[in-house]
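Please read the structure below before turning to the comments.
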Amino acid sequence: MRDFPEHPDWLWSSPQPKRSYDVVIVGGGGHGLATAYYLAKNHGITDVAVLERGWLAGGNMARNTTIIRSNYLWDESAGIYEHALKLWEGLEEDLGYPILFSRRGVLNLAHSLQDVRESVRRVHANRLNGIDAEWLGPEEVKEVCPIVNVSPGVRYPVLGATYQPRAGIAKHDYVAWGYARAAAAMGVHLVENCEVTGIEVTGGRVRAVETAQGRIAAGTVALCAAGHSSVVGAMAGVKLPLQSHPLQALVSELLEPVHPTVVMSNAVHVYVSQAHKGELVMGAGIDAYNSYRQRGAFHIIERQMSAALELFPIFARAHVLRTWGGVVDVSPDASPIVGPTPVENLYVNCGWGTGGFKATPGVGWCYAHTIAHGEPHPLNAPFSLERFTTGALVDEHGAAAVAH
Amino acid sequence: MLLIPCPWCGPRDEAEFRYGGQAHVAYPEDPAALSDEEWARYLFFRDNPKGRFAERWNHTAGCRRWFNVVRDTATNEWVSA
């Protein structure tokens, strides 16, 4: 485990926004910052502003559970998440900034015969896509993570797990700051406290955004607004097939290192890792109803804790330190939407639902390519808005390793 | 936890309910006549406002009846039941 670096006073400058930019990115979270970075680095496009209504990376980038993996079933998902994972593996060197990417593996537990069959199928699908994946029996699960209760006597016994050794966690704030610093160094303007309140479209083409700091003209507008994508899309008359829900997570007090990997369980529904400082970080599913409030109901937490206790009896005497919520935008097939819209030069990146953090470098890379070339990168082409009309869904609902 | 105003049973805990999403989405009168785009709109596109939202709930652990309410999704306050 590495030491934390000193926190510098300033990692990026905060300029007054200009009246006009080639590219305006709406949303200064991980995806927006990564997109700006790869626009500058890969495509030489530096006349870019990232507009953030609050402070940088203060939305879902500050609220996720930082799990990074690429063991998705479908080829399309495997493609973009594995691209992201490969970028994660070299990101510290690329950004010249520590992000504390800790390769510690992920176990996705199977609790029923159906779980076992789907898991083994996913292992084979992953291997065909060049992604590291293994099927482990209960005793092997115990070897990887000794604190998991694999006794057959529990209500939902652990019958085995898929294991992706290259998966891990990273320090989410450092990821954002690393991207912000590197993008700002190449000339990107990062503008905080600059809520977008309107999008100007004339002749079917985007022209400018109205903001809390005045009108800003834009050659291209790229949305990275996560839970608020529907609201921002509506400003340009673009309706998106999204529903915004609260998603909660929590941490325990700081504990000695007890949990060496990441454990996810779809059936009893909890996911757990131990952060670098020592908190147990846990999450589960969304609250059922639509809401833009960054909080959810306690019975969701309660169910999550009962699931965690069944899997990890050792947690019984740990205390919850803090719970919180974010707003996630869920699409009908639980896959993202990344690409052009019916409005010329307006692009969307949304619908990541509960799984956007792990994709940060991959989607930034592909979205920047889409913006620079005016057409999707091959890895995000399947995640078009048109797929809901053509029917070519990427149905990760039920196919992914964990429910959304 | 939401305290949901069931019109039949009064205010009850959210845990007694199942969510039904946007209210007043009618099944198309003649589905076969729709274009792919119109069918997609019916099948996949729902309103997602930050503000007043007419939605459906089912009181599954109570009277088991469906009902519509309007809730403000920015505040979670009930606007009308």
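Letters for chains follow the order of the structure tokens (A, B, ...), residue numbers begin at 1 for each chain, and ligand numbers begin at 1 in the order shown.
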- Message: With only C-alpha atoms as the counted atoms, please give the residues lying no more than 7 Å from segment 49-60 of chain B, apart from itself and same-chain residues fewer than 3 positions off, as a list in words.
- Response: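 Listed by chain and then number, they are Val231 and Tyr292 of chain A; Glu16, Phe17, Arg18, Tyr19, Gly20, Gly21, Gln22, Ala23, Cys63, Arg64, Arg65, Trp66, Phe67, Asn68, Val69, Val70, Arg71, Asp72, Thr73 and Ala74 of chain B.
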- Task: Select residues of chain B: the criterion is any atom within 6 Å of an atom of chain A, counting only C-alpha atoms; output as a list in words.
- Result: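 Close enough to count are Met1, Asp36, Glu37, Ala40, Phe44, Phe45, Asn48, Thr73 and Ala74 of chain B.
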- Smallest atom-to-atom distance to Ser70 of chain A: which of A:Thr35, A:Thr211, A:Ser20, A:Gln164, using only C-alpha atoms? A:Gln164
Got a sec: who's within 9 Å of segment 148-152 of chain A, counting only C-alpha atoms, leaving out chain neighbours fewer than 6 positions off, as a compact mmCIF listing (two decimals) with N, CA, C and O atoms, in the first residue's frame?
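Generated file (result.txt):
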```txt
# COMPACT_ATOMS: atom_id res chain seq x y z
N PRO A 138 -15.92 -23.07 -4.00
CA PRO A 138 -16.01 -22.39 -2.69
C PRO A 138 -14.68 -22.36 -1.92
O PRO A 138 -14.34 -21.34 -1.32
N GLU A 139 -13.91 -23.46 -1.96
CA GLU A 139 -12.65 -23.47 -1.22
C GLU A 139 -11.64 -22.50 -1.82
O GLU A 139 -10.87 -21.85 -1.12
N VAL A 141 -12.52 -19.80 -3.41
CA VAL A 141 -13.01 -18.47 -3.02
C VAL A 141 -12.43 -18.10 -1.67
O VAL A 141 -11.95 -16.99 -1.44
N LYS A 142 -12.44 -19.07 -0.77
CA LYS A 142 -11.93 -18.84 0.59
C LYS A 142 -10.43 -18.53 0.57
O LYS A 142 -9.95 -17.74 1.40
N VAL A 158 -22.44 -19.98 -0.81
CA VAL A 158 -21.54 -19.62 -1.91
C VAL A 158 -21.18 -20.90 -2.66
O VAL A 158 -20.48 -21.77 -2.13
N LEU A 159 -21.65 -21.03 -3.89
CA LEU A 159 -21.39 -22.24 -4.67
C LEU A 159 -20.14 -22.07 -5.54
O LEU A 159 -19.71 -23.02 -6.20
N GLY A 160 -19.59 -20.88 -5.53
CA GLY A 160 -18.40 -20.62 -6.33
C GLY A 160 -18.41 -19.15 -6.73
O GLY A 160 -19.25 -18.38 -6.26
N VAL A 263 -15.49 -8.13 -3.49
CA VAL A 263 -16.49 -9.20 -3.56
C VAL A 263 -17.82 -8.59 -3.97
O VAL A 263 -18.25 -7.58 -3.40
N GLU A 310 -24.34 -11.80 6.09
CA GLU A 310 -24.41 -13.22 5.79
C GLU A 310 -23.12 -13.68 5.11
O GLU A 310 -22.60 -14.76 5.39
N LEU A 311 -22.59 -12.84 4.24
CA LEU A 311 -21.37 -13.21 3.53
C LEU A 311 -20.12 -13.03 4.38
O LEU A 311 -19.15 -13.77 4.23
N PHE A 312 -20.14 -12.01 5.25
CA PHE A 312 -18.96 -11.66 6.04
C PHE A 312 -19.36 -11.54 7.51
O PHE A 312 -19.55 -10.43 8.02
N PRO A 313 -19.47 -12.65 8.23
CA PRO A 313 -19.87 -12.57 9.64
C PRO A 313 -18.94 -11.68 10.47
O PRO A 313 -19.37 -11.08 11.46
N ILE A 314 -17.69 -11.55 10.00
CA ILE A 314 -16.71 -10.74 10.73
C ILE A 314 -17.11 -9.27 10.79
O ILE A 314 -16.67 -8.53 11.66
```
- Message: To test your reading of the structure, identify every residue in chain B that backbone DSSP assigns to strand (DSSP E), and report it as JSON, numbers by chain.
- Response: {"B": [3, 4, 5, 6, 10, 11, 12, 13, 18, 19, 20, 21, 22, 52, 53, 54, 55, 56, 57, 58, 66, 67, 68, 69, 70, 71, 72, 78, 79, 80]}
